[in-house]
Amino acid sequence: MQFGFNAPTAGPLAETGKLTRLLVEGEAMGFDYATFSDHVVIPTDIHAIYPYSSSGEFPAGARAERHEQLIEVAYVAAKTNRLRLVLSVMVVPHRPAVLTAKMLSTIDVLSGGRLVVGIGAGWMKEEFEAIGAPDFAARGKVTDEYLKAFIELWTKEQPKFAGKYVSFDNIVLAPKPVQKPYPPIWVGGESGPALRRTAALGDAWYPIGTNPAFPLDSLARFKAGVAKLRTMTEKAGRKADAVGLALRCTAYGESIPTTAGDGQRRLFSGKNADIAGDIRALKEMGVSHLDVGFAGNTVDAMLTEMQRFKKDVLALV
């Protein structure tokens, strides 16, 4: 199993020197990948429901000044050597399909094949409207079509596509990505449409367990989600195990509730040995990647927590 950490794209820790130090030292510490979130603008009046909090409110701390996701990833690629770079997640309809495919291919080439294209359809209607993205109500269809266009552009010498939201012909997109056939596509989200998208187009499912509408906060609930995915993958005409499993852990330890919504033990709660046991169980289920939201208001604090997690938890796995 590979382990990752969340790289700040917003707030004080995203300042150039702090960001660089965190990524370089995280790589030296032995972490396998870093994740990068995506917002182009933050509207001042948000009515959309944020999927990953019980209140539905977008966290106040996330409203800080923020880098553009793909530019930050390109910057980090130049500062690191081995660390894989995971978009977590890129909101697909936010950027034009052909331009995005070119940007992602360029990052993959310049990073030496270290890009992972984590994707989502988006949740903030106000942001879609502010940046002139396609109709928010059609975001799922737009996302599916853009992903198919990406694959066409990345894999065909004479790419051609005629869809409702994107069309192209008589063009060359080069260079192609280093990774073949293209950078892995991790599909974020826990809903039925997200699972269908994963089953049809994804290389991995990349959920967060804390979505109140689709909770995956216990091992039993996560197993049920995976079983549903496997069935849907077969129905999509692929082998049941064709899709890999990645997971985000937003919080862990004795500070979080010990009981999940189904009455079972909550994943990643309790002592170090309990968390290590969860990681072993997830690994046995086929989870190949786990990234953790490490706490810390300073780079030193975050690096200390990352080191402690490796020493006290991962050493027991």
# chains A, B, ... in the order shown; residues from 1 in each chain; ligands from 1
call {"tool": "residues_around", "arguments": {"residues": "Gly263 in chain A", "least_positions_apart": "4", "cutoff": "12 Å", "atoms": "only C-alpha atoms", "output": "number ranges by chain"}}
result
A: 217-221, 257-259, 267
call {"tool": "residues_around", "arguments": {"residues": "range 133-141 of chain A", "least_positions_apart": "3", "cutoff": "9 Å", "atoms": "only C-alpha atoms", "output": "count of residues only"}}
result
23
call {"tool": "residues_around", "arguments": {"residues": "range 50-65 of chain A", "least_positions_apart": "3", "cutoff": "6 Å", "atoms": "only C-alpha atoms", "output": "list in words"}}
result
Ala10, Gly11, Thr210 and Asn211 of chain A
call {"tool": "write_last_selection", "arguments": {"atoms": "N, CA and C atoms", "output": "short mmCIF file (atom, residue, chain, number, x, y, z; two decimals), in the first residue's frame"}}
result
data_model
loop_
_atom_site.label_atom_id
_atom_site.label_comp_id
_atom_site.auth_asym_id
_atom_site.auth_seq_id
_atom_site.Cartn_x
_atom_site.Cartn_y
_atom_site.Cartn_z
N ALA A 10 -4.19 26.31 -0.34
CA ALA A 10 -4.74 27.56 0.17
C ALA A 10 -4.18 27.85 1.55
N GLY A 11 -4.18 29.13 1.91
CA GLY A 11 -3.79 29.52 3.25
C GLY A 11 -2.30 29.71 3.42
N THR A 210 -16.46 10.42 4.83
CA THR A 210 -17.23 11.27 5.73
C THR A 210 -18.40 11.99 5.06
N ASN A 211 -18.82 11.54 3.89
CA ASN A 211 -19.98 12.13 3.23
C ASN A 211 -21.25 11.66 3.95
#
call {"tool": "closest_residue", "arguments": {"among": "A:Glu152, A:Asp108, A:Glu157, A:Glu25", "to": "Met302 in chain A", "atoms": "only C-alpha atoms"}}
result
A:Glu25
call {"tool": "select_by_dssp", "arguments": {"residues": "range 54-111 of chain A", "states": "helix (DSSP H, G or I)", "output": "number ranges by chain"}}
result
A: 60-63, 69-79, 92-94, 97-110
call {"tool": "residues_around", "arguments": {"residues": "Leu290 in chain A", "least_positions_apart": "6", "cutoff": "12 Å", "atoms": "only C-alpha atoms", "output": "ChimeraX atom specification"}}
result
/A:1-6,31-35,86,205-209,244-250,268,278-280,282-283,314
call {"tool": "write_last_selection", "arguments": {"atoms": "C-alpha atoms", "output": "short mmCIF file (atom, residue, chain, number, x, y, z; two decimals), in the first residue's frame"}}
result
data_model
loop_
_atom_site.label_atom_id
_atom_site.label_comp_id
_atom_site.auth_asym_id
_atom_site.auth_seq_id
_atom_site.Cartn_x
_atom_site.Cartn_y
_atom_site.Cartn_z
CA MET A 1 0.00 0.00 0.00
CA GLN A 2 1.17 3.51 -0.80
CA PHE A 3 0.62 6.47 1.51
CA GLY A 4 0.04 10.12 0.74
CA PHE A 5 -0.49 13.46 2.42
CA ASN A 6 -2.50 16.53 1.54
CA PHE A 31 5.64 9.27 1.54
CA ASP A 32 4.60 8.10 -1.90
CA TYR A 33 2.31 10.88 -3.10
CA ALA A 34 0.82 14.28 -2.34
CA THR A 35 -2.70 15.46 -3.09
CA VAL A 86 -2.55 13.38 -7.24
CA TRP A 205 -12.33 4.62 -6.97
CA TYR A 206 -11.28 7.47 -4.69
CA PRO A 207 -13.95 8.20 -2.06
CA ILE A 208 -13.95 10.11 1.21
CA GLY A 209 -15.65 8.26 4.05
CA GLY A 244 -8.43 -0.17 -8.07
CA LEU A 245 -9.20 1.31 -4.66
CA ALA A 246 -7.81 4.49 -3.11
CA LEU A 247 -9.14 6.16 0.03
CA ARG A 248 -8.82 9.46 1.85
CA CYS A 249 -8.64 9.62 5.65
CA THR A 250 -9.58 13.12 6.77
CA PHE A 268 -9.29 5.21 11.79
CA ASP A 278 -7.81 -0.76 9.86
CA ILE A 279 -5.03 -0.19 7.35
CA ARG A 280 -4.23 -3.91 7.27
CA LEU A 282 -8.22 -2.23 3.94
CA LYS A 283 -5.08 -3.54 2.31
CA LEU A 314 2.70 2.56 9.82
#
call {"tool": "atom_distance", "arguments": {"atom1": "CA of Val24 in chain A", "atom2": "CA of Leu104 in chain A"}}
result
21.8 Å
call {"tool": "select_by_dssp", "arguments": {"residues": "range 144-212 of chain A", "states": "strand (DSSP E)", "output": "ChimeraX atom specification"}}
result
/A:161-162,167-168,185-188,204-206
call {"tool": "atom_distance", "arguments": {"atom1": "CA of Asp45 in chain A", "atom2": "CA of Gly132 in chain A"}}
result
16.6 Å
call {"tool": "residues_around", "arguments": {"residues": "Trp186 in chain A", "least_positions_apart": "2", "cutoff": "8 Å", "atoms": "only C-alpha atoms", "output": "JSON, numbers by chain"}}
result
{"A": [116, 117, 118, 119, 184, 188, 198, 202, 203, 204, 205, 206, 246]}
call {"tool": "atom_distance", "arguments": {"atom1": "CA of Leu173 in chain A", "atom2": "CA of Phe36 in chain A"}}
result
25.2 Å
call {"tool": "residues_around", "arguments": {"residues": "Val172 in chain A", "least_positions_apart": "2", "cutoff": "10 Å", "atoms": "only C-alpha atoms", "output": "list of chain:residue names"}}
result
A:Leu153, A:Lys156, A:Glu157, A:Gln158, A:Pro159, A:Lys160, A:Asp169, A:Asn170, A:Ala174, A:Pro175, A:Lys176
call {"tool": "write_last_selection", "arguments": {"atoms": "all heavy atoms", "output": "PDB file, in the first residue's frame"}}
result
ATOM      1  N   LEU A 153      -7.733  12.118 -26.916  1.00  0.00           N
ATOM      2  CA  LEU A 153      -6.602  13.004 -27.195  1.00  0.00           C
ATOM      3  C   LEU A 153      -5.280  12.400 -26.749  1.00  0.00           C
ATOM      4  O   LEU A 153      -4.239  12.602 -27.394  1.00  0.00           O
ATOM      5  CB  LEU A 153      -6.823  14.345 -26.500  1.00  0.00           C
ATOM      6  CG  LEU A 153      -7.921  15.231 -27.108  1.00  0.00           C
ATOM      7  CD1 LEU A 153      -8.387  16.274 -26.103  1.00  0.00           C
ATOM      8  CD2 LEU A 153      -7.429  15.899 -28.384  1.00  0.00           C
ATOM      9  N   LYS A 156      -4.739   8.725 -29.256  1.00  0.00           N
ATOM     10  CA  LYS A 156      -4.874   8.639 -30.707  1.00  0.00           C
ATOM     11  C   LYS A 156      -3.962   9.648 -31.399  1.00  0.00           C
ATOM     12  O   LYS A 156      -3.882  10.810 -31.010  1.00  0.00           O
ATOM     13  CB  LYS A 156      -6.324   8.879 -31.133  1.00  0.00           C
ATOM     14  CG  LYS A 156      -7.317   7.907 -30.518  1.00  0.00           C
ATOM     15  CD  LYS A 156      -7.113   6.483 -31.037  1.00  0.00           C
ATOM     16  CE  LYS A 156      -8.108   5.516 -30.420  1.00  0.00           C
ATOM     17  NZ  LYS A 156      -9.504   5.882 -30.712  1.00  0.00           N
ATOM     18  N   GLU A 157      -3.299   9.199 -32.454  1.00  0.00           N
ATOM     19  CA  GLU A 157      -2.452  10.097 -33.225  1.00  0.00           C
ATOM     20  C   GLU A 157      -3.275  11.093 -34.032  1.00  0.00           C
ATOM     21  O   GLU A 157      -2.837  12.212 -34.287  1.00  0.00           O
ATOM     22  CB  GLU A 157      -1.544   9.284 -34.153  1.00  0.00           C
ATOM     23  CG  GLU A 157      -0.507   8.445 -33.425  1.00  0.00           C
ATOM     24  CD  GLU A 157       0.384   9.283 -32.523  1.00  0.00           C
ATOM     25  OE1 GLU A 157       0.783  10.398 -32.944  1.00  0.00           O
ATOM     26  OE2 GLU A 157       0.671   8.845 -31.391  1.00  0.00           O
ATOM     27  N   GLN A 158      -4.465  10.690 -34.427  1.00  0.00           N
ATOM     28  CA  GLN A 158      -5.382  11.578 -35.137  1.00  0.00           C
ATOM     29  C   GLN A 158      -6.699  11.609 -34.359  1.00  0.00           C
ATOM     30  O   GLN A 158      -7.705  11.032 -34.774  1.00  0.00           O
ATOM     31  CB  GLN A 158      -5.601  11.092 -36.572  1.00  0.00           C
ATOM     32  CG  GLN A 158      -4.323  11.117 -37.416  1.00  0.00           C
ATOM     33  CD  GLN A 158      -4.546  10.607 -38.827  1.00  0.00           C
ATOM     34  OE1 GLN A 158      -5.255   9.622 -39.048  1.00  0.00           O
ATOM     35  NE2 GLN A 158      -3.935  11.292 -39.788  1.00  0.00           N
ATOM     36  N   PRO A 159      -6.720  12.301 -33.239  1.00  0.00           N
ATOM     37  CA  PRO A 159      -7.907  12.282 -32.379  1.00  0.00           C
ATOM     38  C   PRO A 159      -9.102  12.953 -33.041  1.00  0.00           C
ATOM     39  O   PRO A 159      -8.970  13.952 -33.757  1.00  0.00           O
ATOM     40  CB  PRO A 159      -7.451  13.051 -31.142  1.00  0.00           C
ATOM     41  CG  PRO A 159      -6.356  13.946 -31.626  1.00  0.00           C
ATOM     42  CD  PRO A 159      -5.649  13.160 -32.698  1.00  0.00           C
ATOM     43  N   LYS A 160     -10.262  12.379 -32.757  1.00  0.00           N
ATOM     44  CA  LYS A 160     -11.506  12.894 -33.333  1.00  0.00           C
ATOM     45  C   LYS A 160     -12.619  12.645 -32.337  1.00  0.00           C
ATOM     46  O   LYS A 160     -12.730  11.544 -31.784  1.00  0.00           O
ATOM     47  CB  LYS A 160     -11.784  12.194 -34.664  1.00  0.00           C
ATOM     48  CG  LYS A 160     -13.047  12.659 -35.369  1.00  0.00           C
ATOM     49  CD  LYS A 160     -13.198  11.919 -36.705  1.00  0.00           C
ATOM     50  CE  LYS A 160     -14.455  12.387 -37.442  1.00  0.00           C
ATOM     51  NZ  LYS A 160     -14.608  11.696 -38.751  1.00  0.00           N
ATOM     52  N   ASP A 169     -11.544  17.730 -34.448  1.00  0.00           N
ATOM     53  CA  ASP A 169     -11.073  16.886 -35.558  1.00  0.00           C
ATOM     54  C   ASP A 169      -9.920  17.628 -36.212  1.00  0.00           C
ATOM     55  O   ASP A 169      -9.728  18.829 -36.026  1.00  0.00           O
ATOM     56  CB  ASP A 169     -12.206  16.644 -36.554  1.00  0.00           C
ATOM     57  CG  ASP A 169     -11.906  15.504 -37.525  1.00  0.00           C
ATOM     58  OD1 ASP A 169     -10.834  14.870 -37.387  1.00  0.00           O
ATOM     59  OD2 ASP A 169     -12.731  15.254 -38.418  1.00  0.00           O
ATOM     60  N   ASN A 170      -9.092  16.889 -36.958  1.00  0.00           N
ATOM     61  CA  ASN A 170      -7.984  17.478 -37.702  1.00  0.00           C
ATOM     62  C   ASN A 170      -7.030  18.261 -36.802  1.00  0.00           C
ATOM     63  O   ASN A 170      -6.627  19.399 -37.118  1.00  0.00           O
ATOM     64  CB  ASN A 170      -8.516  18.392 -38.825  1.00  0.00           C
ATOM     65  CG  ASN A 170      -9.378  17.645 -39.819  1.00  0.00           C
ATOM     66  OD1 ASN A 170      -9.011  16.558 -40.282  1.00  0.00           O
ATOM     67  ND2 ASN A 170     -10.535  18.195 -40.143  1.00  0.00           N
ATOM     68  N   ALA A 174       0.261  16.778 -28.906  1.00  0.00           N
ATOM     69  CA  ALA A 174       1.551  16.166 -28.611  1.00  0.00           C
ATOM     70  C   ALA A 174       2.361  17.148 -27.771  1.00  0.00           C
ATOM     71  O   ALA A 174       2.191  18.369 -27.912  1.00  0.00           O
ATOM     72  CB  ALA A 174       2.286  15.815 -29.898  1.00  0.00           C
ATOM     73  N   PRO A 175       3.220  16.634 -26.901  1.00  0.00           N
ATOM     74  CA  PRO A 175       3.470  15.208 -26.680  1.00  0.00           C
ATOM     75  C   PRO A 175       2.345  14.527 -25.910  1.00  0.00           C
ATOM     76  O   PRO A 175       1.602  15.182 -25.179  1.00  0.00           O
ATOM     77  CB  PRO A 175       4.761  15.215 -25.851  1.00  0.00           C
ATOM     78  CG  PRO A 175       4.683  16.502 -25.087  1.00  0.00           C
ATOM     79  CD  PRO A 175       4.048  17.487 -26.030  1.00  0.00           C
ATOM     80  N   LYS A 176       2.264  13.217 -26.120  1.00  0.00           N
ATOM     81  CA  LYS A 176       1.325  12.416 -25.352  1.00  0.00           C
ATOM     82  C   LYS A 176       1.874  12.222 -23.936  1.00  0.00           C
ATOM     83  O   LYS A 176       3.071  12.424 -23.680  1.00  0.00           O
ATOM     84  CB  LYS A 176       1.137  11.046 -26.005  1.00  0.00           C
ATOM     85  CG  LYS A 176       0.696  11.086 -27.457  1.00  0.00           C
ATOM     86  CD  LYS A 176      -0.699  11.666 -27.622  1.00  0.00           C
ATOM     87  CE  LYS A 176      -1.174  11.517 -29.066  1.00  0.00           C
ATOM     88  NZ  LYS A 176      -2.455  12.234 -29.296  1.00  0.00           N
TER      89      LYS A 176
END
call {"tool": "decode", "arguments": {"residues": "range 254-288 of chain A", "atoms": "N, CA, C and O atoms", "output": "PDB file, in the first residue's frame"}}
result
ATOM      1  N   GLU A 254      -7.666   9.198  18.577  1.00  0.00           N
ATOM      2  CA  GLU A 254      -8.587   9.181  19.712  1.00  0.00           C
ATOM      3  C   GLU A 254      -9.451  10.433  19.801  1.00  0.00           C
ATOM      4  O   GLU A 254     -10.363  10.504  20.630  1.00  0.00           O
ATOM      5  N   SER A 255      -9.196  11.412  18.954  1.00  0.00           N
ATOM      6  CA  SER A 255      -9.983  12.640  18.988  1.00  0.00           C
ATOM      7  C   SER A 255     -11.283  12.534  18.201  1.00  0.00           C
ATOM      8  O   SER A 255     -12.153  13.408  18.314  1.00  0.00           O
ATOM      9  N   ILE A 256     -11.461  11.485  17.381  1.00  0.00           N
ATOM     10  CA  ILE A 256     -12.680  11.346  16.590  1.00  0.00           C
ATOM     11  C   ILE A 256     -13.593  10.314  17.242  1.00  0.00           C
ATOM     12  O   ILE A 256     -13.139   9.465  18.018  1.00  0.00           O
ATOM     13  N   PRO A 257     -14.895  10.360  16.953  1.00  0.00           N
ATOM     14  CA  PRO A 257     -15.831   9.397  17.555  1.00  0.00           C
ATOM     15  C   PRO A 257     -15.429   7.963  17.226  1.00  0.00           C
ATOM     16  O   PRO A 257     -14.921   7.678  16.142  1.00  0.00           O
ATOM     17  N   THR A 258     -15.680   7.064  18.174  1.00  0.00           N
ATOM     18  CA  THR A 258     -15.287   5.662  17.991  1.00  0.00           C
ATOM     19  C   THR A 258     -16.350   4.837  17.281  1.00  0.00           C
ATOM     20  O   THR A 258     -16.068   3.721  16.844  1.00  0.00           O
ATOM     21  N   THR A 259     -17.565   5.393  17.163  1.00  0.00           N
ATOM     22  CA  THR A 259     -18.667   4.625  16.583  1.00  0.00           C
ATOM     23  C   THR A 259     -19.131   5.268  15.283  1.00  0.00           C
ATOM     24  O   THR A 259     -19.373   6.475  15.221  1.00  0.00           O
ATOM     25  N   ALA A 260     -19.262   4.451  14.243  1.00  0.00           N
ATOM     26  CA  ALA A 260     -19.756   4.914  12.949  1.00  0.00           C
ATOM     27  C   ALA A 260     -21.280   4.983  12.967  1.00  0.00           C
ATOM     28  O   ALA A 260     -21.933   4.546  13.923  1.00  0.00           O
ATOM     29  N   GLY A 261     -21.850   5.503  11.905  1.00  0.00           N
ATOM     30  CA  GLY A 261     -23.295   5.668  11.843  1.00  0.00           C
ATOM     31  C   GLY A 261     -24.070   4.379  11.850  1.00  0.00           C
ATOM     32  O   GLY A 261     -25.268   4.368  12.174  1.00  0.00           O
ATOM     33  N   ASP A 262     -23.431   3.258  11.489  1.00  0.00           N
ATOM     34  CA  ASP A 262     -24.106   1.964  11.502  1.00  0.00           C
ATOM     35  C   ASP A 262     -23.906   1.218  12.807  1.00  0.00           C
ATOM     36  O   ASP A 262     -24.278   0.042  12.924  1.00  0.00           O
ATOM     37  N   GLY A 263     -23.304   1.883  13.788  1.00  0.00           N
ATOM     38  CA  GLY A 263     -23.077   1.247  15.077  1.00  0.00           C
ATOM     39  C   GLY A 263     -21.786   0.469  15.173  1.00  0.00           C
ATOM     40  O   GLY A 263     -21.425   0.004  16.262  1.00  0.00           O
ATOM     41  N   GLN A 264     -21.090   0.327  14.063  1.00  0.00           N
ATOM     42  CA  GLN A 264     -19.814  -0.389  14.054  1.00  0.00           C
ATOM     43  C   GLN A 264     -18.690   0.573  14.456  1.00  0.00           C
ATOM     44  O   GLN A 264     -18.873   1.778  14.572  1.00  0.00           O
ATOM     45  N   ARG A 265     -17.512   0.001  14.648  1.00  0.00           N
ATOM     46  CA  ARG A 265     -16.370   0.846  14.979  1.00  0.00           C
ATOM     47  C   ARG A 265     -16.025   1.752  13.793  1.00  0.00           C
ATOM     48  O   ARG A 265     -16.010   1.319  12.647  1.00  0.00           O
ATOM     49  N   ARG A 266     -15.776   3.003  14.090  1.00  0.00           N
ATOM     50  CA  ARG A 266     -15.458   3.963  13.040  1.00  0.00           C
ATOM     51  C   ARG A 266     -14.031   3.743  12.559  1.00  0.00           C
ATOM     52  O   ARG A 266     -13.101   3.603  13.359  1.00  0.00           O
ATOM     53  N   LEU A 267     -13.867   3.726  11.233  1.00  0.00           N
ATOM     54  CA  LEU A 267     -12.542   3.574  10.637  1.00  0.00           C
ATOM     55  C   LEU A 267     -11.609   4.683  11.114  1.00  0.00           C
ATOM     56  O   LEU A 267     -12.001   5.849  11.203  1.00  0.00           O
ATOM     57  N   PHE A 268     -10.386   4.302  11.420  1.00  0.00           N
ATOM     58  CA  PHE A 268      -9.292   5.208  11.793  1.00  0.00           C
ATOM     59  C   PHE A 268      -9.488   5.864  13.163  1.00  0.00           C
ATOM     60  O   PHE A 268      -8.797   6.823  13.489  1.00  0.00           O
ATOM     61  N   SER A 269     -10.404   5.338  13.962  1.00  0.00           N
ATOM     62  CA  SER A 269     -10.564   5.858  15.321  1.00  0.00           C
ATOM     63  C   SER A 269      -9.752   5.014  16.298  1.00  0.00           C
ATOM     64  O   SER A 269      -9.354   3.889  15.991  1.00  0.00           O
ATOM     65  N   GLY A 270      -9.511   5.567  17.473  1.00  0.00           N
ATOM     66  CA  GLY A 270      -8.854   4.808  18.530  1.00  0.00           C
ATOM     67  C   GLY A 270      -7.355   4.997  18.589  1.00  0.00           C
ATOM     68  O   GLY A 270      -6.806   6.011  18.155  1.00  0.00           O
ATOM     69  N   LYS A 271      -6.699   3.998  19.128  1.00  0.00           N
ATOM     70  CA  LYS A 271      -5.258   4.055  19.354  1.00  0.00           C
ATOM     71  C   LYS A 271      -4.488   3.663  18.095  1.00  0.00           C
ATOM     72  O   LYS A 271      -5.069   3.209  17.102  1.00  0.00           O
ATOM     73  N   ASN A 272      -3.165   3.807  18.157  1.00  0.00           N
ATOM     74  CA  ASN A 272      -2.315   3.515  16.999  1.00  0.00           C
ATOM     75  C   ASN A 272      -2.525   2.096  16.474  1.00  0.00           C
ATOM     76  O   ASN A 272      -2.598   1.875  15.262  1.00  0.00           O
ATOM     77  N   ALA A 273      -2.628   1.136  17.383  1.00  0.00           N
ATOM     78  CA  ALA A 273      -2.799  -0.257  16.970  1.00  0.00           C
ATOM     79  C   ALA A 273      -4.135  -0.456  16.257  1.00  0.00           C
ATOM     80  O   ALA A 273      -4.237  -1.269  15.323  1.00  0.00           O
ATOM     81  N   ASP A 274      -5.171   0.267  16.702  1.00  0.00           N
ATOM     82  CA  ASP A 274      -6.480   0.164  16.047  1.00  0.00           C
ATOM     83  C   ASP A 274      -6.408   0.693  14.619  1.00  0.00           C
ATOM     84  O   ASP A 274      -6.955   0.093  13.690  1.00  0.00           O
ATOM     85  N   ILE A 275      -5.751   1.825  14.450  1.00  0.00           N
ATOM     86  CA  ILE A 275      -5.631   2.427  13.121  1.00  0.00           C
ATOM     87  C   ILE A 275      -4.802   1.525  12.205  1.00  0.00           C
ATOM     88  O   ILE A 275      -5.149   1.316  11.036  1.00  0.00           O
ATOM     89  N   ALA A 276      -3.724   0.974  12.736  1.00  0.00           N
ATOM     90  CA  ALA A 276      -2.904   0.042  11.952  1.00  0.00           C
ATOM     91  C   ALA A 276      -3.722  -1.166  11.534  1.00  0.00           C
ATOM     92  O   ALA A 276      -3.587  -1.669  10.407  1.00  0.00           O
ATOM     93  N   GLY A 277      -4.590  -1.634  12.416  1.00  0.00           N
ATOM     94  CA  GLY A 277      -5.457  -2.757  12.077  1.00  0.00           C
ATOM     95  C   GLY A 277      -6.407  -2.414  10.948  1.00  0.00           C
ATOM     96  O   GLY A 277      -6.664  -3.247  10.063  1.00  0.00           O
ATOM     97  N   ASP A 278      -6.946  -1.197  10.961  1.00  0.00           N
ATOM     98  CA  ASP A 278      -7.807  -0.760   9.864  1.00  0.00           C
ATOM     99  C   ASP A 278      -7.042  -0.753   8.544  1.00  0.00           C
ATOM    100  O   ASP A 278      -7.561  -1.180   7.508  1.00  0.00           O
ATOM    101  N   ILE A 279      -5.828  -0.261   8.581  1.00  0.00           N
ATOM    102  CA  ILE A 279      -5.027  -0.193   7.354  1.00  0.00           C
ATOM    103  C   ILE A 279      -4.751  -1.592   6.823  1.00  0.00           C
ATOM    104  O   ILE A 279      -4.846  -1.844   5.615  1.00  0.00           O
ATOM    105  N   ARG A 280      -4.447  -2.533   7.720  1.00  0.00           N
ATOM    106  CA  ARG A 280      -4.229  -3.914   7.272  1.00  0.00           C
ATOM    107  C   ARG A 280      -5.496  -4.493   6.646  1.00  0.00           C
ATOM    108  O   ARG A 280      -5.440  -5.172   5.604  1.00  0.00           O
ATOM    109  N   ALA A 281      -6.638  -4.240   7.276  1.00  0.00           N
ATOM    110  CA  ALA A 281      -7.903  -4.766   6.748  1.00  0.00           C
ATOM    111  C   ALA A 281      -8.224  -4.165   5.381  1.00  0.00           C
ATOM    112  O   ALA A 281      -8.687  -4.869   4.474  1.00  0.00           O
ATOM    113  N   LEU A 282      -7.972  -2.883   5.232  1.00  0.00           N
ATOM    114  CA  LEU A 282      -8.222  -2.230   3.944  1.00  0.00           C
ATOM    115  C   LEU A 282      -7.278  -2.756   2.870  1.00  0.00           C
ATOM    116  O   LEU A 282      -7.674  -2.956   1.716  1.00  0.00           O
ATOM    117  N   LYS A 283      -6.049  -2.982   3.253  1.00  0.00           N
ATOM    118  CA  LYS A 283      -5.078  -3.541   2.306  1.00  0.00           C
ATOM    119  C   LYS A 283      -5.521  -4.919   1.834  1.00  0.00           C
ATOM    120  O   LYS A 283      -5.428  -5.239   0.638  1.00  0.00           O
ATOM    121  N   GLU A 284      -6.016  -5.727   2.743  1.00  0.00           N
ATOM    122  CA  GLU A 284      -6.505  -7.065   2.380  1.00  0.00           C
ATOM    123  C   GLU A 284      -7.696  -6.982   1.429  1.00  0.00           C
ATOM    124  O   GLU A 284      -7.910  -7.867   0.603  1.00  0.00           O
ATOM    125  N   MET A 285      -8.483  -5.901   1.539  1.00  0.00           N
ATOM    126  CA  MET A 285      -9.625  -5.696   0.648  1.00  0.00           C
ATOM    127  C   MET A 285      -9.205  -5.233  -0.741  1.00  0.00           C
ATOM    128  O   MET A 285     -10.025  -5.224  -1.660  1.00  0.00           O
ATOM    129  N   GLY A 286      -7.960  -4.800  -0.881  1.00  0.00           N
ATOM    130  CA  GLY A 286      -7.480  -4.340  -2.175  1.00  0.00           C
ATOM    131  C   GLY A 286      -7.219  -2.859  -2.262  1.00  0.00           C
ATOM    132  O   GLY A 286      -6.906  -2.346  -3.348  1.00  0.00           O
ATOM    133  N   VAL A 287      -7.316  -2.134  -1.138  1.00  0.00           N
ATOM    134  CA  VAL A 287      -6.988  -0.701  -1.156  1.00  0.00           C
ATOM    135  C   VAL A 287      -5.481  -0.565  -1.327  1.00  0.00           C
ATOM    136  O   VAL A 287      -4.704  -1.073  -0.526  1.00  0.00           O
ATOM    137  N   SER A 288      -5.080   0.138  -2.370  1.00  0.00           N
ATOM    138  CA  SER A 288      -3.653   0.248  -2.688  1.00  0.00           C
ATOM    139  C   SER A 288      -3.068   1.597  -2.316  1.00  0.00           C
ATOM    140  O   SER A 288      -1.849   1.749  -2.263  1.00  0.00           O
TER     141      SER A 288
END
